[in-house]
file my_file_31.pdb (PDB, C-alpha atoms and all ligand atoms)
MODEL        1
ATOM      1  CA  MET A   1      47.968 228.557 129.424  1.00  0.00           C
ATOM      2  CA  ASP A   2      50.174 226.184 131.447  1.00  0.00           C
ATOM      3  CA  ASN A   3      50.225 223.442 128.891  1.00  0.00           C
ATOM      4  CA  PRO A   4      52.487 224.320 125.943  1.00  0.00           C
ATOM      5  CA  THR A   5      51.020 221.548 123.755  1.00  0.00           C
ATOM      6  CA  LEU A   6      47.560 223.048 124.115  1.00  0.00           C
ATOM      7  CA  GLY A   7      48.991 226.397 123.016  1.00  0.00           C
ATOM      8  CA  ILE A   8      50.351 224.799 119.867  1.00  0.00           C
ATOM      9  CA  TYR A   9      46.963 223.219 119.106  1.00  0.00           C
ATOM     10  CA  VAL A  10      45.199 226.533 119.565  1.00  0.00           C
ATOM     11  CA  VAL A  11      47.593 228.313 117.246  1.00  0.00           C
ATOM     12  CA  ALA A  12      47.331 225.446 114.757  1.00  0.00           C
ATOM     13  CA  ALA A  13      43.541 225.807 114.800  1.00  0.00           C
ATOM     14  CA  ILE A  14      43.536 229.584 114.484  1.00  0.00           C
ATOM     15  CA  ILE A  15      45.797 229.776 111.442  1.00  0.00           C
ATOM     16  CA  PRO A  16      43.510 227.818 109.066  1.00  0.00           C
ATOM     17  CA  LEU A  17      40.475 229.765 110.305  1.00  0.00           C
ATOM     18  CA  PHE A  18      42.288 233.001 109.750  1.00  0.00           C
ATOM     19  CA  LEU A  19      43.356 231.950 106.232  1.00  0.00           C
ATOM     20  CA  PHE A  20      39.823 230.828 105.489  1.00  0.00           C
ATOM     21  CA  PHE A  21      38.222 234.156 106.452  1.00  0.00           C
ATOM     22  CA  ARG A  22      40.968 236.111 104.805  1.00  0.00           C
ATOM     23  CA  SER A  23      40.315 234.353 101.529  1.00  0.00           C
ATOM     24  CA  LEU A  24      36.544 234.777 101.896  1.00  0.00           C
ATOM     25  CA  PHE A  25      36.781 238.499 102.420  1.00  0.00           C
ATOM     26  CA  GLY A  26      40.112 239.098 100.736  1.00  0.00           C
ATOM     27  CA  SER A  27      40.829 240.160  97.191  1.00  0.00           C
ATOM     28  CA  SER A  28      37.506 239.618  95.456  1.00  0.00           C
ATOM     29  CA  SER A  29      38.944 240.530  92.063  1.00  0.00           C
ATOM     30  CA  LEU A  30      41.001 237.330  92.197  1.00  0.00           C
ATOM     31  CA  ARG A  31      37.979 235.251  93.105  1.00  0.00           C
ATOM     32  CA  SER A  32      36.258 236.077  89.821  1.00  0.00           C
ATOM     33  CA  ILE A  33      39.145 234.568  87.847  1.00  0.00           C
ATOM     34  CA  PRO A  34      38.715 230.815  87.234  1.00  0.00           C
ATOM     35  CA  THR A  35      41.229 228.462  88.860  1.00  0.00           C
ATOM     36  CA  VAL A  36      43.077 225.729  87.017  1.00  0.00           C
ATOM     37  CA  GLY A  37      44.703 222.686  88.578  1.00  0.00           C
ATOM     38  CA  GLY A  38      42.592 222.090  91.658  1.00  0.00           C
ATOM     39  CA  PRO A  39      40.167 223.662  94.084  1.00  0.00           C
ATOM     40  CA  SER A  40      40.553 227.360  94.858  1.00  0.00           C
ATOM     41  CA  ALA A  41      39.188 227.088  98.405  1.00  0.00           C
ATOM     42  CA  PRO A  42      41.570 228.113 101.166  1.00  0.00           C
ATOM     43  CA  LEU A  43      44.070 225.379 102.129  1.00  0.00           C
ATOM     44  CA  LEU A  44      42.658 223.094  99.418  1.00  0.00           C
ATOM     45  CA  SER A  45      44.477 225.256  96.890  1.00  0.00           C
ATOM     46  CA  TYR A  46      47.692 223.717  98.231  1.00  0.00           C
ATOM     47  CA  ILE A  47      46.691 220.606  96.269  1.00  0.00           C
ATOM     48  CA  GLY A  48      46.953 222.574  93.038  1.00  0.00           C
ATOM     49  CA  SER A  49      50.198 224.225  94.046  1.00  0.00           C
ATOM     50  CA  TYR A  50      51.673 220.796  94.728  1.00  0.00           C
ATOM     51  CA  ARG A  51      50.463 219.548  91.348  1.00  0.00           C
ATOM     52  CA  PHE A  52      52.074 222.564  89.689  1.00  0.00           C
ATOM     53  CA  LEU A  53      55.514 221.407  90.898  1.00  0.00           C
ATOM     54  CA  HIS A  54      55.300 218.307  88.716  1.00  0.00           C
ATOM     55  CA  HIS A  55      52.673 219.110  86.088  1.00  0.00           C
ATOM     56  CA  ALA A  56      53.188 222.779  85.292  1.00  0.00           C
ATOM     57  CA  ARG A  57      53.024 222.314  81.534  1.00  0.00           C
ATOM     58  CA  ALA A  58      49.823 220.260  81.633  1.00  0.00           C
ATOM     59  CA  MET A  59      48.141 222.768  83.956  1.00  0.00           C
ATOM     60  CA  LEU A  60      49.055 225.727  81.775  1.00  0.00           C
ATOM     61  CA  GLN A  61      47.838 223.861  78.690  1.00  0.00           C
ATOM     62  CA  GLU A  62      44.574 223.000  80.430  1.00  0.00           C
ATOM     63  CA  GLY A  63      44.022 226.638  81.368  1.00  0.00           C
ATOM     64  CA  TYR A  64      44.836 227.780  77.857  1.00  0.00           C
ATOM     65  CA  ASP A  65      42.494 225.264  76.240  1.00  0.00           C
ATOM     66  CA  LYS A  66      39.622 226.127  78.588  1.00  0.00           C
ATOM     67  CA  TYR A  67      39.986 229.890  78.820  1.00  0.00           C
ATOM     68  CA  LYS A  68      41.679 230.879  75.570  1.00  0.00           C
ATOM     69  CA  GLY A  69      41.244 234.619  75.058  1.00  0.00           C
ATOM     70  CA  GLY A  70      40.535 235.094  78.769  1.00  0.00           C
ATOM     71  CA  MET A  71      42.294 234.742  82.098  1.00  0.00           C
ATOM     72  CA  PHE A  72      42.871 231.956  84.561  1.00  0.00           C
ATOM     73  CA  LYS A  73      44.824 231.547  87.760  1.00  0.00           C
ATOM     74  CA  ILE A  74      47.164 228.887  89.103  1.00  0.00           C
ATOM     75  CA  PRO A  75      47.963 228.366  92.786  1.00  0.00           C
ATOM     76  CA  LEU A  76      51.508 228.588  94.146  1.00  0.00           C
ATOM     77  CA  PRO A  77      52.094 227.816  97.830  1.00  0.00           C
ATOM     78  CA  ASP A  78      51.955 231.502  98.780  1.00  0.00           C
ATOM     79  CA  ARG A  79      50.170 233.281  95.940  1.00  0.00           C
ATOM     80  CA  TRP A  80      48.191 233.013  92.728  1.00  0.00           C
ATOM     81  CA  ILE A  81      49.713 233.389  89.320  1.00  0.00           C
ATOM     82  CA  VAL A  82      47.251 235.002  86.938  1.00  0.00           C
ATOM     83  CA  VAL A  83      47.760 234.070  83.304  1.00  0.00           C
ATOM     84  CA  VAL A  84      46.259 236.211  80.551  1.00  0.00           C
ATOM     85  CA  THR A  85      45.838 234.649  77.121  1.00  0.00           C
ATOM     86  CA  GLY A  86      45.073 235.806  73.610  1.00  0.00           C
ATOM     87  CA  SER A  87      46.437 238.779  71.704  1.00  0.00           C
ATOM     88  CA  ARG A  88      43.780 241.242  72.913  1.00  0.00           C
ATOM     89  CA  LEU A  89      44.507 240.759  76.634  1.00  0.00           C
ATOM     90  CA  VAL A  90      48.250 240.552  76.105  1.00  0.00           C
ATOM     91  CA  ASP A  91      48.074 243.857  74.196  1.00  0.00           C
ATOM     92  CA  ASP A  92      46.060 245.377  77.042  1.00  0.00           C
ATOM     93  CA  LEU A  93      48.611 244.190  79.575  1.00  0.00           C
ATOM     94  CA  GLN A  94      51.457 245.571  77.544  1.00  0.00           C
ATOM     95  CA  LYS A  95      49.827 249.013  77.400  1.00  0.00           C
ATOM     96  CA  PHE A  96      49.692 249.420  81.176  1.00  0.00           C
ATOM     97  CA  PRO A  97      52.296 251.861  82.503  1.00  0.00           C
ATOM     98  CA  ASP A  98      55.062 250.616  84.823  1.00  0.00           C
ATOM     99  CA  ASP A  99      53.397 252.005  87.928  1.00  0.00           C
ATOM    100  CA  HIS A 100      50.390 249.720  87.288  1.00  0.00           C
ATOM    101  CA  VAL A 101      52.066 246.497  86.246  1.00  0.00           C
ATOM    102  CA  SER A 102      55.767 246.102  86.868  1.00  0.00           C
ATOM    103  CA  PHE A 103      58.063 243.298  85.871  1.00  0.00           C
ATOM    104  CA  LEU A 104      60.646 244.317  88.484  1.00  0.00           C
ATOM    105  CA  GLU A 105      58.089 244.443  91.297  1.00  0.00           C
ATOM    106  CA  ALA A 106      56.739 241.032  90.299  1.00  0.00           C
ATOM    107  CA  ALA A 107      60.242 239.564  90.139  1.00  0.00           C
ATOM    108  CA  ALA A 108      61.117 241.065  93.528  1.00  0.00           C
ATOM    109  CA  ASP A 109      57.907 239.675  94.953  1.00  0.00           C
ATOM    110  CA  LEU A 110      58.451 236.185  93.565  1.00  0.00           C
ATOM    111  CA  THR A 111      62.089 236.024  94.680  1.00  0.00           C
ATOM    112  CA  HIS A 112      61.429 237.685  98.073  1.00  0.00           C
ATOM    113  CA  ILE A 113      64.343 239.963  97.358  1.00  0.00           C
ATOM    114  CA  ASN A 114      63.561 242.379 100.196  1.00  0.00           C
ATOM    115  CA  HIS A 115      63.685 239.594 102.790  1.00  0.00           C
ATOM    116  CA  ILE A 116      66.834 238.017 101.419  1.00  0.00           C
ATOM    117  CA  PHE A 117      68.965 240.988 100.369  1.00  0.00           C
ATOM    118  CA  GLY A 118      67.195 243.768 102.231  1.00  0.00           C
ATOM    119  CA  ASP A 119      65.032 246.630 100.979  1.00  0.00           C
ATOM    120  CA  GLU A 120      68.046 248.534  99.735  1.00  0.00           C
ATOM    121  CA  ALA A 121      68.778 246.012  96.987  1.00  0.00           C
ATOM    122  CA  HIS A 122      65.201 246.348  95.774  1.00  0.00           C
ATOM    123  CA  HIS A 123      64.664 250.107  96.033  1.00  0.00           C
ATOM    124  CA  ASN A 124      68.150 251.194  95.106  1.00  0.00           C
ATOM    125  CA  PRO A 125      69.294 248.543  92.627  1.00  0.00           C
ATOM    126  CA  LEU A 126      72.745 249.951  91.850  1.00  0.00           C
ATOM    127  CA  HIS A 127      73.867 246.518  90.587  1.00  0.00           C
ATOM    128  CA  LEU A 128      71.555 246.969  87.582  1.00  0.00           C
ATOM    129  CA  THR A 129      73.373 250.122  86.505  1.00  0.00           C
ATOM    130  CA  VAL A 130      76.736 248.460  87.004  1.00  0.00           C
ATOM    131  CA  ILE A 131      75.696 245.463  84.886  1.00  0.00           C
ATOM    132  CA  ARG A 132      73.989 247.514  82.171  1.00  0.00           C
ATOM    133  CA  GLN A 133      76.632 250.167  81.817  1.00  0.00           C
ATOM    134  CA  GLN A 134      80.094 249.482  83.242  1.00  0.00           C
ATOM    135  CA  LEU A 135      80.033 245.709  82.745  1.00  0.00           C
ATOM    136  CA  THR A 136      78.284 245.568  79.366  1.00  0.00           C
ATOM    137  CA  ARG A 137      80.547 248.225  77.858  1.00  0.00           C
ATOM    138  CA  GLN A 138      83.636 246.336  78.998  1.00  0.00           C
ATOM    139  CA  LEU A 139      82.536 242.926  77.707  1.00  0.00           C
ATOM    140  CA  VAL A 140      84.766 243.029  74.636  1.00  0.00           C
ATOM    141  CA  THR A 141      87.801 243.867  76.759  1.00  0.00           C
ATOM    142  CA  LEU A 142      86.905 241.303  79.398  1.00  0.00           C
ATOM    143  CA  PHE A 143      86.103 238.405  77.104  1.00  0.00           C
ATOM    144  CA  PRO A 144      89.666 237.049  76.664  1.00  0.00           C
ATOM    145  CA  ASP A 145      89.999 236.766  80.465  1.00  0.00           C
ATOM    146  CA  VAL A 146      86.691 234.942  80.772  1.00  0.00           C
ATOM    147  CA  ARG A 147      87.641 232.585  77.971  1.00  0.00           C
ATOM    148  CA  ASP A 148      90.999 231.919  79.607  1.00  0.00           C
ATOM    149  CA  GLU A 149      89.329 231.182  82.941  1.00  0.00           C
ATOM    150  CA  ILE A 150      86.818 228.776  81.395  1.00  0.00           C
ATOM    151  CA  SER A 151      89.547 226.963  79.543  1.00  0.00           C
ATOM    152  CA  THR A 152      91.842 226.730  82.598  1.00  0.00           C
ATOM    153  CA  ALA A 153      88.962 225.599  84.789  1.00  0.00           C
ATOM    154  CA  PHE A 154      87.967 222.871  82.324  1.00  0.00           C
ATOM    155  CA  GLN A 155      91.540 221.580  82.184  1.00  0.00           C
ATOM    156  CA  GLU A 156      91.830 221.566  85.957  1.00  0.00           C
ATOM    157  CA  LEU A 157      88.391 220.209  86.837  1.00  0.00           C
ATOM    158  CA  ILE A 158      87.709 217.895  83.889  1.00  0.00           C
ATOM    159  CA  PRO A 159      91.185 216.662  82.976  1.00  0.00           C
ATOM    160  CA  ALA A 160      91.033 214.793  79.659  1.00  0.00           C
ATOM    161  CA  LYS A 161      92.915 211.497  79.624  1.00  0.00           C
ATOM    162  CA  GLU A 162      94.012 209.669  76.498  1.00  0.00           C
ATOM    163  CA  ASN A 163      91.989 206.451  76.622  1.00  0.00           C
ATOM    164  CA  GLU A 164      89.976 206.724  79.786  1.00  0.00           C
ATOM    165  CA  TRP A 165      86.708 208.095  81.008  1.00  0.00           C
ATOM    166  CA  THR A 166      86.897 210.487  83.957  1.00  0.00           C
ATOM    167  CA  PRO A 167      83.898 210.498  86.252  1.00  0.00           C
ATOM    168  CA  ILE A 168      82.939 213.950  87.464  1.00  0.00           C
ATOM    169  CA  ASN A 169      80.086 215.422  89.466  1.00  0.00           C
ATOM    170  CA  ALA A 170      78.533 217.643  86.809  1.00  0.00           C
ATOM    171  CA  THR A 171      76.546 219.825  89.231  1.00  0.00           C
ATOM    172  CA  SER A 172      79.462 220.702  91.397  1.00  0.00           C
ATOM    173  CA  VAL A 173      81.987 221.064  88.549  1.00  0.00           C
ATOM    174  CA  ILE A 174      79.757 223.356  86.472  1.00  0.00           C
ATOM    175  CA  ARG A 175      79.047 225.494  89.532  1.00  0.00           C
ATOM    176  CA  GLN A 176      82.791 225.896  90.071  1.00  0.00           C
ATOM    177  CA  ILE A 177      83.405 226.796  86.439  1.00  0.00           C
ATOM    178  CA  VAL A 178      80.599 229.358  86.326  1.00  0.00           C
ATOM    179  CA  ALA A 179      81.762 230.870  89.628  1.00  0.00           C
ATOM    180  CA  ARG A 180      85.361 231.085  88.444  1.00  0.00           C
ATOM    181  CA  ALA A 181      84.445 232.640  85.084  1.00  0.00           C
ATOM    182  CA  SER A 182      82.199 235.316  86.574  1.00  0.00           C
ATOM    183  CA  ASN A 183      84.531 236.073  89.463  1.00  0.00           C
ATOM    184  CA  ARG A 184      87.453 236.405  87.087  1.00  0.00           C
ATOM    185  CA  VAL A 185      85.588 239.545  85.986  1.00  0.00           C
ATOM    186  CA  PHE A 186      84.583 240.739  89.455  1.00  0.00           C
ATOM    187  CA  VAL A 187      87.726 240.050  91.517  1.00  0.00           C
ATOM    188  CA  GLY A 188      90.327 238.679  89.059  1.00  0.00           C
ATOM    189  CA  VAL A 189      93.171 236.182  89.587  1.00  0.00           C
ATOM    190  CA  PRO A 190      94.131 234.751  92.074  1.00  0.00           C
ATOM    191  CA  LEU A 191      91.045 235.312  94.253  1.00  0.00           C
ATOM    192  CA  CYS A 192      88.659 233.863  91.624  1.00  0.00           C
ATOM    193  CA  ARG A 193      90.454 230.492  92.055  1.00  0.00           C
ATOM    194  CA  ASP A 194      90.666 230.558  95.831  1.00  0.00           C
ATOM    195  CA  PRO A 195      88.769 227.489  97.130  1.00  0.00           C
ATOM    196  CA  GLY A 196      87.469 229.297 100.227  1.00  0.00           C
ATOM    197  CA  TYR A 197      86.219 232.236  98.197  1.00  0.00           C
ATOM    198  CA  LEU A 198      84.615 229.964  95.578  1.00  0.00           C
ATOM    199  CA  ASP A 199      82.908 227.969  98.284  1.00  0.00           C
ATOM    200  CA  LEU A 200      81.478 231.153  99.687  1.00  0.00           C
ATOM    201  CA  THR A 201      80.125 232.442  96.363  1.00  0.00           C
ATOM    202  CA  VAL A 202      78.755 229.073  95.193  1.00  0.00           C
ATOM    203  CA  ASN A 203      77.050 228.385  98.496  1.00  0.00           C
ATOM    204  CA  PHE A 204      75.689 231.893  98.653  1.00  0.00           C
ATOM    205  CA  ALA A 205      73.737 231.331  95.448  1.00  0.00           C
ATOM    206  CA  VAL A 206      72.523 227.944  96.681  1.00  0.00           C
ATOM    207  CA  ASP A 207      71.531 229.420 100.057  1.00  0.00           C
ATOM    208  CA  VAL A 208      69.555 232.188  98.379  1.00  0.00           C
ATOM    209  CA  GLY A 209      67.597 229.480  96.571  1.00  0.00           C
ATOM    210  CA  LYS A 210      66.918 227.685  99.854  1.00  0.00           C
ATOM    211  CA  ALA A 211      65.891 230.902 101.586  1.00  0.00           C
ATOM    212  CA  ARG A 212      63.469 231.608  98.767  1.00  0.00           C
ATOM    213  CA  THR A 213      61.857 228.179  99.135  1.00  0.00           C
ATOM    214  CA  VAL A 214      61.478 228.617 102.896  1.00  0.00           C
ATOM    215  CA  LEU A 215      59.976 232.096 102.418  1.00  0.00           C
ATOM    216  CA  THR A 216      57.600 230.832  99.738  1.00  0.00           C
ATOM    217  CA  LEU A 217      56.272 228.201 102.120  1.00  0.00           C
ATOM    218  CA  SER A 218      56.062 230.565 105.122  1.00  0.00           C
ATOM    219  CA  PRO A 219      52.690 232.089 105.954  1.00  0.00           C
ATOM    220  CA  PHE A 220      52.338 235.732 104.839  1.00  0.00           C
ATOM    221  CA  PHE A 221      51.882 237.095 108.377  1.00  0.00           C
ATOM    222  CA  LEU A 222      55.410 235.992 109.301  1.00  0.00           C
ATOM    223  CA  LYS A 223      56.754 237.974 106.338  1.00  0.00           C
ATOM    224  CA  SER A 224      55.020 241.339 106.496  1.00  0.00           C
TER     225      SER A 224
HETATM  226  C1  LIG B 301      77.373 216.414  93.377  1.00  0.00           C
HETATM  227  O1  LIG B 301      77.541 217.719  93.848  1.00  0.00           O
HETATM  228  C2  LIG B 301      76.402 218.291  94.450  1.00  0.00           C
HETATM  229  C3  LIG B 301      76.704 219.729  94.789  1.00  0.00           C
HETATM  230  O2  LIG B 301      77.917 219.881  95.472  1.00  0.00           O
HETATM  231  C4  LIG B 301      76.011 217.448  95.667  1.00  0.00           C
HETATM  232  O3  LIG B 301      74.842 217.995  96.243  1.00  0.00           O
HETATM  233  C5  LIG B 301      75.776 216.012  95.238  1.00  0.00           C
HETATM  234  O4  LIG B 301      75.492 215.210  96.375  1.00  0.00           O
HETATM  235  C6  LIG B 301      76.977 215.467  94.494  1.00  0.00           C
HETATM  236  N1  LIG B 301      76.630 214.161  93.945  1.00  0.00           N
HETATM  237  C7  LIG B 301      77.415 213.107  94.101  1.00  0.00           C
HETATM  238  C8  LIG B 301      76.940 211.851  93.447  1.00  0.00           C
HETATM  239  O5  LIG B 301      78.466 213.132  94.742  1.00  0.00           O
ENDMDL
END
call {"tool": "encode", "arguments": {"input": "my_file_31.pdb", "output": "structure tokens"}}
result
Amino acid sequence: MDNPTLGIYVVAAIIPLFLFFRSLFGSSSLRSIPTVGGPSAPLLSYIGSYRFLHHARAMLQEGYDKYKGGMFKIPLPDRWIVVVTGSRLVDDLQKFPDDHVSFLEAAADLTHINHIFGDEAHHNPLHLTVIRQQLTRQLVTLFPDVRDEISTAFQELIPAKENEWTPINATSVIRQIVARASNRVFVGVPLCRDPGYLDLTVNFAVDVGKARTVLTLSPFFLKS
């Protein structure tokens, strides 16, 4: 193909076809679950996933009212969320062993942890042990430091004046305070107050959020 524009058109035409056939012949167990919030046909389900961004509560309520005691599904840009309702189904779900339904696997899947942090973070989650054991056991000892950091950060970033209002940017100030308080525990003073270091940690969390959004909107065959 000499003409690069033609190539783009061909690819653009193949992707919807591919998605269409995949959904026709793909997971049939999902197809038997009713959809809430829009059409479930391939590509058209994006309408529902867009609605979910702004009307999540109404869509969940609609599904609950219509299918109480049963199941329904809601489209996200890259997957379906299946909601089970009623005590009987919730009990059933709860009885499944971890190798059948797993909260950690679902969370990893939703957050795309293996693409963002690498497989290691998912399969060998040593941070969980550190948080559950070392960190949790030390909380009583660590608390005075955290309290001190929060108080110092508030005084520095939201200085109270006698008779005046001080405008602040709440998003950025709260991010700084949270980063300082948690890093007081992880790296201590003075690094937890270092502007360069704080910038790095705050932006890392924000960038992970952005990466997740990009991955959610990327077609599955670019991710596997
Ligand atoms: C407040 O801070 C956030 C995060 O740094 C930034 O995105 C936003 O533009 C700021 N808002 C204003 C009004 O400066």
call {"tool": "residues_around", "arguments": {"input": "my_file_31.pdb", "residues": "Arg175 (chain A)", "least_positions_apart": "6", "cutoff": "12 Å", "atoms": "only C-alpha atoms", "output": "PyMOL selection string"}}
result
chain A and resi 150+153-154+157+169+181-183+198-206
call {"tool": "atom_distance", "arguments": {"input": "my_file_31.pdb", "atom1": "CA of Thr129 (chain A)", "atom2": "CA of Leu142 (chain A)"}}
result
17.6 Å
call {"tool": "residues_near_ligand", "arguments": {"input": "my_file_31.pdb", "ligand": "ligand LIG 301 (chain B)", "cutoff": "7 Å", "atoms": "all atoms listed in the file", "output": "PyMOL selection string"}}
result
chain A and resi 169-172
call {"tool": "write_last_selection", "arguments": {"input": "my_file_31.pdb", "atoms": "C-alpha atoms", "output": "PDB file, keeping the file's coordinate frame"}}
result
ATOM      1  CA  ASN A 169      80.086 215.422  89.466  1.00  0.00           C
ATOM      2  CA  ALA A 170      78.533 217.643  86.809  1.00  0.00           C
ATOM      3  CA  THR A 171      76.546 219.825  89.231  1.00  0.00           C
ATOM      4  CA  SER A 172      79.462 220.702  91.397  1.00  0.00           C
TER       5      SER A 172
END
call {"tool": "residues_around", "arguments": {"input": "my_file_31.pdb", "residues": "Gly70 (chain A)", "least_positions_apart": "3", "cutoff": "8 Å", "atoms": "only C-alpha atoms", "output": "tab-separated table (two decimals) with C-alpha atoms, in the coordinates of the input"}}
result
chain	number	residue	atom	x	y	z
A	67	TYR	CA	39.99	229.89	78.82
A	84	VAL	CA	46.26	236.21	80.55
A	85	THR	CA	45.84	234.65	77.12
A	86	GLY	CA	45.07	235.81	73.61
A	89	LEU	CA	44.51	240.76	76.63
call {"tool": "atom_distance", "arguments": {"input": "my_file_31.pdb", "atom1": "CA of Ile116 (chain A)", "atom2": "CA of Leu93 (chain A)"}}
result
29.1 Å
call {"tool": "closest_residue", "arguments": {"input": "my_file_31.pdb", "among": "A:Val36, A:Leu104, A:Leu110, A:Val173", "to": "Asp65 (chain A)", "atoms": "only C-alpha atoms"}}
result
A:Val36
call {"tool": "resolve_selection", "arguments": {"input": "my_file_31.pdb", "expression": "the PyMOL selection byres (((chain A and resi 46-58) around 6) and not hetatm)", "output": "MDAnalysis selection string"}}
result
chainID A and resid 37:38 43:45 59:61 75:77
call {"tool": "closest_residue", "arguments": {"input": "my_file_31.pdb", "among": "A:Arg137, A:Arg212, A:Lys66, A:Arg147", "to": "Phe117 (chain A)", "atoms": "all atoms listed in the file"}}
result
A:Arg212
call {"tool": "closest_residue", "arguments": {"input": "my_file_31.pdb", "among": "A:Ser218, A:Thr152, A:Ser102, A:Gln138", "to": "Cys192 (chain A)", "atoms": "all atoms listed in the file"}}
result
A:Thr152
